[in-house]
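Undergrad: Pasting work_39.tsv here (TSV, C-alpha atoms):
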```tsv
chain	number	residue	atom	x	y	z
A	1	MET	CA	0.00	0.00	0.00
A	2	ARG	CA	1.19	3.51	-0.71
A	3	HIS	CA	-0.58	5.53	1.98
A	4	GLY	CA	0.72	9.08	2.18
A	5	LYS	CA	3.29	8.69	-0.59
A	6	LYS	CA	2.94	11.72	-2.84
A	7	ILE	CA	5.62	11.16	-5.48
A	8	ASN	CA	6.34	8.26	-7.77
A	9	HIS	CA	9.89	7.10	-7.08
A	10	LEU	CA	10.15	5.54	-10.56
A	11	GLY	CA	12.40	2.76	-9.24
A	12	ARG	CA	15.33	5.14	-8.74
A	13	LYS	CA	17.29	6.70	-5.92
A	14	THR	CA	16.61	10.37	-5.15
A	15	ALA	CA	19.64	11.84	-6.94
A	16	HIS	CA	19.06	9.74	-10.06
A	17	ARG	CA	15.37	10.66	-10.14
A	18	LYS	CA	16.05	14.40	-9.76
A	19	ALA	CA	18.72	14.32	-12.45
A	20	MET	CA	16.46	12.39	-14.81
A	21	LEU	CA	13.53	14.80	-14.31
A	22	ALA	CA	15.81	17.80	-14.81
A	23	ASN	CA	17.15	16.34	-18.07
A	24	MET	CA	13.64	15.50	-19.27
A	25	ALA	CA	12.44	19.02	-18.44
A	26	CYS	CA	15.35	20.54	-20.38
A	27	SER	CA	14.55	18.30	-23.35
A	28	LEU	CA	10.91	19.35	-23.14
A	29	ILE	CA	11.90	23.03	-23.20
A	30	GLU	CA	14.23	22.45	-26.14
A	31	HIS	CA	12.05	20.21	-28.32
A	32	LYS	CA	8.57	21.29	-27.07
A	33	ARG	CA	7.46	17.62	-26.96
A	34	ILE	CA	9.06	14.34	-25.94
A	35	ASN	CA	8.05	10.67	-25.93
A	36	THR	CA	8.39	8.76	-22.67
A	37	THR	CA	6.49	6.33	-20.47
A	38	VAL	CA	3.21	7.40	-18.88
A	39	ALA	CA	4.62	7.21	-15.34
A	40	LYS	CA	7.61	9.41	-16.22
A	41	ALA	CA	5.35	11.85	-18.08
A	42	LYS	CA	3.10	12.25	-15.03
A	43	ALA	CA	6.11	12.73	-12.75
A	44	LEU	CA	7.57	15.25	-15.20
A	45	LYS	CA	4.32	17.19	-15.26
A	46	LYS	CA	4.37	17.59	-11.47
A	47	PHE	CA	8.03	18.64	-11.65
A	48	PHE	CA	7.71	21.01	-14.62
A	49	GLU	CA	4.48	22.97	-13.99
A	50	PRO	CA	5.76	24.92	-10.93
A	51	ILE	CA	8.95	25.76	-12.83
A	52	VAL	CA	6.95	27.33	-15.67
A	53	THR	CA	4.85	29.25	-13.15
A	54	LYS	CA	8.04	30.69	-11.65
A	55	SER	CA	9.30	31.65	-15.11
A	56	LYS	CA	6.31	33.91	-15.75
A	57	GLU	CA	7.85	36.53	-13.45
A	58	ASP	CA	11.39	37.26	-14.61
A	59	THR	CA	13.35	38.09	-11.47
A	60	THR	CA	16.85	37.11	-10.46
A	61	HIS	CA	15.51	35.08	-7.56
A	62	ASN	CA	13.14	33.08	-9.80
A	63	ARG	CA	15.93	32.46	-12.30
A	64	ARG	CA	18.13	31.08	-9.52
A	65	LEU	CA	15.34	28.88	-8.19
A	66	VAL	CA	14.65	27.47	-11.66
A	67	PHE	CA	18.36	26.99	-12.37
A	68	SER	CA	18.72	25.00	-9.15
A	69	LYS	CA	16.13	22.56	-10.49
A	70	LEU	CA	17.07	22.43	-14.20
A	71	ARG	CA	20.89	22.81	-13.98
A	72	GLN	CA	21.27	23.94	-17.64
A	73	LYS	CA	21.82	27.59	-18.41
A	74	ASP	CA	20.55	27.37	-22.01
A	75	ALA	CA	17.29	25.74	-20.95
A	76	VAL	CA	16.69	28.38	-18.27
A	77	THR	CA	17.36	31.16	-20.78
A	78	GLU	CA	14.96	29.70	-23.34
A	79	LEU	CA	12.33	29.07	-20.67
A	80	PHE	CA	12.34	32.67	-19.44
A	81	ARG	CA	12.70	34.23	-22.89
A	82	ASP	CA	10.42	32.18	-25.17
A	83	VAL	CA	8.21	29.79	-23.22
A	84	ALA	CA	7.20	32.20	-20.45
A	85	VAL	CA	6.12	34.83	-22.99
A	86	LYS	CA	3.96	32.32	-24.83
A	87	VAL	CA	2.23	30.99	-21.69
A	88	GLY	CA	2.04	34.33	-19.90
A	89	ASP	CA	-1.76	34.60	-19.88
A	90	ARG	CA	-2.41	30.92	-19.11
A	91	PRO	CA	-3.31	30.29	-15.44
A	92	GLY	CA	-1.87	26.77	-15.39
A	93	GLY	CA	-1.90	23.49	-17.30
A	94	TYR	CA	1.14	24.17	-19.44
A	95	THR	CA	1.66	20.57	-20.55
A	96	ARG	CA	-0.50	17.93	-22.18
A	97	ILE	CA	-0.02	14.15	-21.92
A	98	ILE	CA	-1.21	12.08	-24.90
A	99	LYS	CA	-1.09	8.30	-24.54
A	100	LEU	CA	0.47	6.53	-27.52
A	101	GLY	CA	0.00	2.83	-26.78
A	102	ASN	CA	2.47	0.19	-25.67
A	103	ARG	CA	6.19	-0.02	-26.41
A	104	LEU	CA	7.18	-2.89	-28.64
A	105	GLY	CA	10.01	-4.34	-26.54
A	106	ASP	CA	8.60	-4.48	-23.01
A	107	ASN	CA	4.93	-3.48	-23.49
A	108	ALA	CA	5.34	-0.33	-21.36
A	109	ASP	CA	2.62	2.34	-21.65
A	110	MET	CA	4.04	5.17	-23.76
A	111	ALA	CA	2.96	8.79	-23.85
A	112	MET	CA	3.89	12.05	-25.51
A	113	ILE	CA	4.15	15.08	-23.23
A	114	GLU	CA	4.11	18.45	-24.94
A	115	LEU	CA	3.82	22.14	-24.19
A	116	VAL	CA	0.22	23.13	-24.85
A	117	ASP	CA	0.81	26.49	-26.52
A	118	TYR	CA	3.31	25.11	-29.03
A	119	ASN	CA	0.95	22.63	-30.72
A	120	GLU	CA	-0.26	24.29	-33.91
A	121	ILE	CA	-2.72	21.49	-34.75
A	122	TYR	CA	-4.88	21.92	-31.65
A	123	ASN	CA	-4.58	25.71	-31.50
A	124	ALA	CA	-5.25	26.40	-35.19
A	125	ASP	CA	-9.06	26.42	-35.00
A	126	LYS	CA	-9.27	28.35	-31.73
A	127	PRO	CA	-9.05	32.12	-32.15
A	128	LYS	CA	-6.99	34.04	-29.62
A	129	LYS	CA	-9.37	35.95	-27.41
A	130	LYS	CA	-8.93	37.31	-23.97
A	131	THR	CA	-11.79	36.53	-21.64
A	132	THR	CA	-12.44	38.15	-18.33
A	133	ARG	CA	-14.57	36.88	-15.50
A	134	ARG	CA	-17.73	38.78	-14.87
A	135	SER	CA	-20.25	38.49	-12.09
A	136	ARG	CA	-23.59	36.95	-12.90
A	137	ARG	CA	-25.86	39.30	-11.00
A	138	GLY	CA	-25.26	42.55	-12.83
A	139	GLY	CA	-26.12	42.50	-16.50
A	140	SER	CA	-24.42	45.23	-18.45
A	141	LYS	CA	-26.72	47.48	-20.44
A	142	PRO	CA	-25.71	48.24	-23.99
A	143	ALA	CA	-24.38	51.76	-24.24
A	144	ALA	CA	-26.37	53.99	-26.54
A	145	ALA	CA	-24.46	55.36	-29.47
A	146	PRO	CA	-23.60	59.03	-28.99
A	147	VAL	CA	-25.73	61.33	-31.07
A	148	VAL	CA	-23.68	63.14	-33.63
A	149	GLU	CA	-25.09	66.56	-34.35
A	150	THR	CA	-24.79	67.72	-37.86
A	151	ALA	CA	-23.16	71.00	-38.70
A	152	THR	CA	-26.12	72.16	-40.76
A	153	ASN	CA	-27.46	74.42	-37.97
A	154	GLU	CA	-24.21	76.28	-37.68
A	155	GLU	CA	-23.87	76.70	-41.45
A	156	GLU	CA	-27.32	78.27	-41.79
A	157	GLU	CA	-26.45	81.13	-39.46
```
Starting from the file, lay out its structure as structure tokens.

TA:
Amino acid sequence: MRHGKKINHLGRKTAHRKAMLANMACSLIEHKRINTTVAKAKALKKFFEPIVTKSKEDTTHNRRLVFSKLRQKDAVTELFRDVAVKVGDRPGGYTRIIKLGNRLGDNADMAMIELVDYNEIYNADKPKKKTTRRSRRGGSKPAAAPVVETATNEEEE
């Protein structure tokens, strides 16, 4: 039984697991999508989402926190420069896991994990619009168009 165990250890020691997740996160930043097993994809999602949230605010402290997790300067630079700009208005859910079936050699469940905003196929039919939350109780009344007075009265005088 796994009562109270929050993370999947993935059959590895702590240092190996952290290094593997850091390398997978750097590959995800570089390639925008990677193929891996379902268990590793779910573990990577829990590791990667808070890092992207930190990258939305570009401060020296956040860069140092992210660098301590990722350990690759190029990946941190690309994350703060490109990825954070693209996901800036998204409140969360930066990655998507798509199951691919079973691997041929050992029948492991495979999945593709990708950054949501970089998939042109899914985002092509959705127009970019910014929605705001509004309360339900107060319905806004349509504003009447301002009456434009003609200059004919002034010309007659």

Undergrad: Just give me the gap between atom CA of A:Arg81 and atom CA of A:Lys42 in Å, one decimal is fine.

TA: 25.2 Å

Undergrad: Find the residues around stretch 108-118 of chain A up to 12 Å (all atoms listed in the file counted), leave out those fewer than 2 positions away in its own chain, and share them as an mmCIF file with C-alpha atoms, in the coordinates of the input.

TA:
```
data_model
loop_
_atom_site.group_PDB
_atom_site.id
_atom_site.type_symbol
_atom_site.label_atom_id
_atom_site.label_comp_id
_atom_site.auth_asym_id
_atom_site.auth_seq_id
_atom_site.Cartn_x
_atom_site.Cartn_y
_atom_site.Cartn_z
ATOM 1 C CA MET A 24 13.640 15.500 -19.270
ATOM 2 C CA ALA A 25 12.440 19.020 -18.440
ATOM 3 C CA SER A 27 14.550 18.300 -23.350
ATOM 4 C CA LEU A 28 10.910 19.350 -23.140
ATOM 5 C CA ILE A 29 11.900 23.030 -23.200
ATOM 6 C CA GLU A 30 14.230 22.450 -26.140
ATOM 7 C CA HIS A 31 12.050 20.210 -28.320
ATOM 8 C CA LYS A 32 8.570 21.290 -27.070
ATOM 9 C CA ARG A 33 7.460 17.620 -26.960
ATOM 10 C CA ILE A 34 9.060 14.340 -25.940
ATOM 11 C CA ASN A 35 8.050 10.670 -25.930
ATOM 12 C CA THR A 36 8.390 8.760 -22.670
ATOM 13 C CA THR A 37 6.490 6.330 -20.470
ATOM 14 C CA VAL A 38 3.210 7.400 -18.880
ATOM 15 C CA ALA A 39 4.620 7.210 -15.340
ATOM 16 C CA LYS A 40 7.610 9.410 -16.220
ATOM 17 C CA ALA A 41 5.350 11.850 -18.080
ATOM 18 C CA LYS A 42 3.100 12.250 -15.030
ATOM 19 C CA ALA A 43 6.110 12.730 -12.750
ATOM 20 C CA LEU A 44 7.570 15.250 -15.200
ATOM 21 C CA LYS A 45 4.320 17.190 -15.260
ATOM 22 C CA PHE A 48 7.710 21.010 -14.620
ATOM 23 C CA GLU A 49 4.480 22.970 -13.990
ATOM 24 C CA VAL A 52 6.950 27.330 -15.670
ATOM 25 C CA LEU A 79 12.330 29.070 -20.670
ATOM 26 C CA ASP A 82 10.420 32.180 -25.170
ATOM 27 C CA VAL A 83 8.210 29.790 -23.220
ATOM 28 C CA ALA A 84 7.200 32.200 -20.450
ATOM 29 C CA VAL A 85 6.120 34.830 -22.990
ATOM 30 C CA LYS A 86 3.960 32.320 -24.830
ATOM 31 C CA VAL A 87 2.230 30.990 -21.690
ATOM 32 C CA GLY A 88 2.040 34.330 -19.900
ATOM 33 C CA ASP A 89 -1.760 34.600 -19.880
ATOM 34 C CA ARG A 90 -2.410 30.920 -19.110
ATOM 35 C CA GLY A 92 -1.870 26.770 -15.390
ATOM 36 C CA GLY A 93 -1.900 23.490 -17.300
ATOM 37 C CA TYR A 94 1.140 24.170 -19.440
ATOM 38 C CA THR A 95 1.660 20.570 -20.550
ATOM 39 C CA ARG A 96 -0.500 17.930 -22.180
ATOM 40 C CA ILE A 97 -0.020 14.150 -21.920
ATOM 41 C CA ILE A 98 -1.210 12.080 -24.900
ATOM 42 C CA LYS A 99 -1.090 8.300 -24.540
ATOM 43 C CA LEU A 100 0.470 6.530 -27.520
ATOM 44 C CA GLY A 101 0.000 2.830 -26.780
ATOM 45 C CA ASN A 102 2.470 0.190 -25.670
ATOM 46 C CA ARG A 103 6.190 -0.020 -26.410
ATOM 47 C CA LEU A 104 7.180 -2.890 -28.640
ATOM 48 C CA GLY A 105 10.010 -4.340 -26.540
ATOM 49 C CA ASP A 106 8.600 -4.480 -23.010
ATOM 50 C CA GLU A 120 -0.260 24.290 -33.910
ATOM 51 C CA ILE A 121 -2.720 21.490 -34.750
ATOM 52 C CA TYR A 122 -4.880 21.920 -31.650
ATOM 53 C CA ASN A 123 -4.580 25.710 -31.500
ATOM 54 C CA ALA A 124 -5.250 26.400 -35.190
ATOM 55 C CA LYS A 126 -9.270 28.350 -31.730
ATOM 56 C CA LYS A 128 -6.990 34.040 -29.620
#
```

Undergrad: Between atom CA of A:Lys54 and atom CA of A:His9, what is the distance, to one decimal in Å?

TA: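 If I compute the distance from atom CA of A:Lys54 to atom CA of A:His9, I get 24.1 Å.
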
Undergrad: Determine the nearest neighbour of A:Gln72 from the options A:Asn23, A:Thr59, A:Asn8, A:Thr14, counting only C-alpha atoms.

TA: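 For A:Gln72, the nearest of the given residues is A:Asn23.
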
Undergrad: Give me, please, the distance in Å between atom CA of A:Lys56 and atom CA of A:Leu21, quoted to one decimal.

TA: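 Separating atom CA of A:Lys56 from atom CA of A:Leu21 is a distance of 20.5 Å.
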
Undergrad: From the list A:Pro91, A:His61, A:Cys26, A:Asn107, which residue is nearest A:Asp74 when using only C-alpha atoms?

TA: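 Counting only C-alpha atoms, the residue closest to A:Asp74 is A:Cys26.
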
Undergrad: So that I can look at just that part, could you write stretch 62-77 of chain A with all heavy atoms, as a PDB file, in the first residue's frame?

TA:
```
ATOM      1  N   ASN A  62      13.830  34.172  -9.089  1.00  0.00           N
ATOM      2  CA  ASN A  62      13.143  33.083  -9.796  1.00  0.00           C
ATOM      3  C   ASN A  62      14.083  32.369 -10.755  1.00  0.00           C
ATOM      4  O   ASN A  62      14.002  31.148 -10.911  1.00  0.00           O
ATOM      5  CB  ASN A  62      11.919  33.619 -10.533  1.00  0.00           C
ATOM      6  CG  ASN A  62      10.765  33.864  -9.604  1.00  0.00           C
ATOM      7  OD1 ASN A  62      10.772  33.422  -8.463  1.00  0.00           O
ATOM      8  ND2 ASN A  62       9.768  34.579 -10.074  1.00  0.00           N
ATOM      9  N   ARG A  63      14.969  33.109 -11.412  1.00  0.00           N
ATOM     10  CA  ARG A  63      15.935  32.463 -12.301  1.00  0.00           C
ATOM     11  C   ARG A  63      16.849  31.521 -11.511  1.00  0.00           C
ATOM     12  O   ARG A  63      17.159  30.430 -11.970  1.00  0.00           O
ATOM     13  CB  ARG A  63      16.775  33.502 -13.031  1.00  0.00           C
ATOM     14  CG  ARG A  63      16.102  34.069 -14.255  1.00  0.00           C
ATOM     15  CD  ARG A  63      17.040  35.001 -14.997  1.00  0.00           C
ATOM     16  NE  ARG A  63      16.376  35.578 -16.131  1.00  0.00           N
ATOM     17  CZ  ARG A  63      16.480  35.109 -17.380  1.00  0.00           C
ATOM     18  NH1 ARG A  63      17.225  34.066 -17.624  1.00  0.00           N
ATOM     19  NH2 ARG A  63      15.835  35.683 -18.358  1.00  0.00           N
ATOM     20  N   ARG A  64      17.257  31.931 -10.329  1.00  0.00           N
ATOM     21  CA  ARG A  64      18.130  31.078  -9.519  1.00  0.00           C
ATOM     22  C   ARG A  64      17.389  29.850  -9.003  1.00  0.00           C
ATOM     23  O   ARG A  64      17.958  28.751  -8.942  1.00  0.00           O
ATOM     24  CB  ARG A  64      18.698  31.880  -8.359  1.00  0.00           C
ATOM     25  CG  ARG A  64      19.763  32.851  -8.806  1.00  0.00           C
ATOM     26  CD  ARG A  64      20.276  33.695  -7.681  1.00  0.00           C
ATOM     27  NE  ARG A  64      21.336  34.576  -8.163  1.00  0.00           N
ATOM     28  CZ  ARG A  64      21.798  35.614  -7.499  1.00  0.00           C
ATOM     29  NH1 ARG A  64      21.306  35.906  -6.307  1.00  0.00           N
ATOM     30  NH2 ARG A  64      22.758  36.356  -7.998  1.00  0.00           N
ATOM     31  N   LEU A  65      16.121  30.027  -8.630  1.00  0.00           N
ATOM     32  CA  LEU A  65      15.337  28.875  -8.185  1.00  0.00           C
ATOM     33  C   LEU A  65      15.154  27.871  -9.312  1.00  0.00           C
ATOM     34  O   LEU A  65      15.282  26.654  -9.120  1.00  0.00           O
ATOM     35  CB  LEU A  65      13.968  29.336  -7.682  1.00  0.00           C
ATOM     36  CG  LEU A  65      13.935  30.071  -6.346  1.00  0.00           C
ATOM     37  CD1 LEU A  65      12.534  30.598  -6.067  1.00  0.00           C
ATOM     38  CD2 LEU A  65      14.377  29.147  -5.230  1.00  0.00           C
ATOM     39  N   VAL A  66      14.848  28.363 -10.515  1.00  0.00           N
ATOM     40  CA  VAL A  66      14.650  27.467 -11.660  1.00  0.00           C
ATOM     41  C   VAL A  66      15.966  26.811 -12.052  1.00  0.00           C
ATOM     42  O   VAL A  66      16.007  25.618 -12.371  1.00  0.00           O
ATOM     43  CB  VAL A  66      14.026  28.249 -12.842  1.00  0.00           C
ATOM     44  CG1 VAL A  66      14.049  27.437 -14.111  1.00  0.00           C
ATOM     45  CG2 VAL A  66      12.610  28.655 -12.494  1.00  0.00           C
ATOM     46  N   PHE A  67      17.058  27.566 -12.009  1.00  0.00           N
ATOM     47  CA  PHE A  67      18.356  26.994 -12.366  1.00  0.00           C
ATOM     48  C   PHE A  67      18.772  25.901 -11.391  1.00  0.00           C
ATOM     49  O   PHE A  67      19.412  24.920 -11.777  1.00  0.00           O
ATOM     50  CB  PHE A  67      19.437  28.080 -12.426  1.00  0.00           C
ATOM     51  CG  PHE A  67      20.773  27.571 -12.851  1.00  0.00           C
ATOM     52  CD1 PHE A  67      21.002  27.237 -14.176  1.00  0.00           C
ATOM     53  CD2 PHE A  67      21.791  27.395 -11.943  1.00  0.00           C
ATOM     54  CE1 PHE A  67      22.228  26.748 -14.588  1.00  0.00           C
ATOM     55  CE2 PHE A  67      23.019  26.899 -12.333  1.00  0.00           C
ATOM     56  CZ  PHE A  67      23.242  26.585 -13.659  1.00  0.00           C
ATOM     57  N   SER A  68      18.382  26.044 -10.115  1.00  0.00           N
ATOM     58  CA  SER A  68      18.724  25.004  -9.151  1.00  0.00           C
ATOM     59  C   SER A  68      18.000  23.705  -9.451  1.00  0.00           C
ATOM     60  O   SER A  68      18.475  22.628  -9.089  1.00  0.00           O
ATOM     61  CB  SER A  68      18.408  25.467  -7.729  1.00  0.00           C
ATOM     62  OG  SER A  68      17.013  25.520  -7.533  1.00  0.00           O
ATOM     63  N   LYS A  69      16.864  23.783 -10.123  1.00  0.00           N
ATOM     64  CA  LYS A  69      16.126  22.564 -10.495  1.00  0.00           C
ATOM     65  C   LYS A  69      16.593  22.018 -11.842  1.00  0.00           C
ATOM     66  O   LYS A  69      16.757  20.811 -12.003  1.00  0.00           O
ATOM     67  CB  LYS A  69      14.631  22.864 -10.588  1.00  0.00           C
ATOM     68  CG  LYS A  69      14.003  23.294  -9.293  1.00  0.00           C
ATOM     69  CD  LYS A  69      13.744  22.127  -8.412  1.00  0.00           C
ATOM     70  CE  LYS A  69      12.939  22.557  -7.213  1.00  0.00           C
ATOM     71  NZ  LYS A  69      12.856  21.515  -6.226  1.00  0.00           N
ATOM     72  N   LEU A  70      16.783  22.893 -12.844  1.00  0.00           N
ATOM     73  CA  LEU A  70      17.073  22.429 -14.200  1.00  0.00           C
ATOM     74  C   LEU A  70      18.554  22.169 -14.456  1.00  0.00           C
ATOM     75  O   LEU A  70      18.896  21.267 -15.219  1.00  0.00           O
ATOM     76  CB  LEU A  70      16.565  23.449 -15.226  1.00  0.00           C
ATOM     77  CG  LEU A  70      15.061  23.608 -15.326  1.00  0.00           C
ATOM     78  CD1 LEU A  70      14.713  24.572 -16.432  1.00  0.00           C
ATOM     79  CD2 LEU A  70      14.373  22.288 -15.547  1.00  0.00           C
ATOM     80  N   ARG A  71      19.444  22.997 -13.894  1.00  0.00           N
ATOM     81  CA  ARG A  71      20.892  22.810 -13.983  1.00  0.00           C
ATOM     82  C   ARG A  71      21.462  23.003 -15.379  1.00  0.00           C
ATOM     83  O   ARG A  71      22.558  22.520 -15.668  1.00  0.00           O
ATOM     84  CB  ARG A  71      21.299  21.428 -13.473  1.00  0.00           C
ATOM     85  CG  ARG A  71      20.788  21.095 -12.103  1.00  0.00           C
ATOM     86  CD  ARG A  71      21.162  19.694 -11.767  1.00  0.00           C
ATOM     87  NE  ARG A  71      20.433  19.235 -10.600  1.00  0.00           N
ATOM     88  CZ  ARG A  71      20.329  17.961 -10.281  1.00  0.00           C
ATOM     89  NH1 ARG A  71      20.888  17.050 -11.004  1.00  0.00           N
ATOM     90  NH2 ARG A  71      19.648  17.614  -9.216  1.00  0.00           N
ATOM     91  N   GLN A  72      20.742  23.647 -16.298  1.00  0.00           N
ATOM     92  CA  GLN A  72      21.270  23.944 -17.636  1.00  0.00           C
ATOM     93  C   GLN A  72      20.944  25.386 -17.970  1.00  0.00           C
ATOM     94  O   GLN A  72      19.772  25.772 -18.016  1.00  0.00           O
ATOM     95  CB  GLN A  72      20.666  23.025 -18.691  1.00  0.00           C
ATOM     96  CG  GLN A  72      21.198  21.618 -18.644  1.00  0.00           C
ATOM     97  CD  GLN A  72      20.696  20.792 -19.807  1.00  0.00           C
ATOM     98  OE1 GLN A  72      20.219  21.328 -20.800  1.00  0.00           O
ATOM     99  NE2 GLN A  72      20.788  19.481 -19.673  1.00  0.00           N
ATOM    100  N   LYS A  73      21.993  26.165 -18.204  1.00  0.00           N
ATOM    101  CA  LYS A  73      21.815  27.591 -18.412  1.00  0.00           C
ATOM    102  C   LYS A  73      21.020  27.883 -19.686  1.00  0.00           C
ATOM    103  O   LYS A  73      20.172  28.777 -19.710  1.00  0.00           O
ATOM    104  CB  LYS A  73      23.180  28.269 -18.492  1.00  0.00           C
ATOM    105  CG  LYS A  73      23.112  29.784 -18.487  1.00  0.00           C
ATOM    106  CD  LYS A  73      24.472  30.404 -18.659  1.00  0.00           C
ATOM    107  CE  LYS A  73      25.281  30.283 -17.407  1.00  0.00           C
ATOM    108  NZ  LYS A  73      26.549  31.028 -17.476  1.00  0.00           N
ATOM    109  N   ASP A  74      21.257  27.126 -20.751  1.00  0.00           N
ATOM    110  CA  ASP A  74      20.550  27.366 -22.012  1.00  0.00           C
ATOM    111  C   ASP A  74      19.058  27.101 -21.873  1.00  0.00           C
ATOM    112  O   ASP A  74      18.241  27.845 -22.424  1.00  0.00           O
ATOM    113  CB  ASP A  74      21.122  26.478 -23.120  1.00  0.00           C
ATOM    114  CG  ASP A  74      22.583  26.775 -23.380  1.00  0.00           C
ATOM    115  OD1 ASP A  74      23.001  27.930 -23.132  1.00  0.00           O
ATOM    116  OD2 ASP A  74      23.304  25.870 -23.823  1.00  0.00           O
ATOM    117  N   ALA A  75      18.708  26.060 -21.146  1.00  0.00           N
ATOM    118  CA  ALA A  75      17.290  25.737 -20.952  1.00  0.00           C
ATOM    119  C   ALA A  75      16.596  26.813 -20.120  1.00  0.00           C
ATOM    120  O   ALA A  75      15.458  27.196 -20.417  1.00  0.00           O
ATOM    121  CB  ALA A  75      17.152  24.374 -20.281  1.00  0.00           C
ATOM    122  N   VAL A  76      17.277  27.324 -19.102  1.00  0.00           N
ATOM    123  CA  VAL A  76      16.693  28.380 -18.272  1.00  0.00           C
ATOM    124  C   VAL A  76      16.488  29.641 -19.097  1.00  0.00           C
ATOM    125  O   VAL A  76      15.439  30.290 -19.016  1.00  0.00           O
ATOM    126  CB  VAL A  76      17.592  28.658 -17.041  1.00  0.00           C
ATOM    127  CG1 VAL A  76      17.095  29.866 -16.268  1.00  0.00           C
ATOM    128  CG2 VAL A  76      17.628  27.447 -16.141  1.00  0.00           C
ATOM    129  N   THR A  77      17.474  29.973 -19.934  1.00  0.00           N
ATOM    130  CA  THR A  77      17.358  31.161 -20.780  1.00  0.00           C
ATOM    131  C   THR A  77      16.193  31.039 -21.742  1.00  0.00           C
ATOM    132  O   THR A  77      15.393  31.978 -21.895  1.00  0.00           O
ATOM    133  CB  THR A  77      18.668  31.362 -21.567  1.00  0.00           C
ATOM    134  OG1 THR A  77      19.744  31.432 -20.648  1.00  0.00           O
ATOM    135  CG2 THR A  77      18.612  32.630 -22.383  1.00  0.00           C
TER     136      THR A  77
END
```
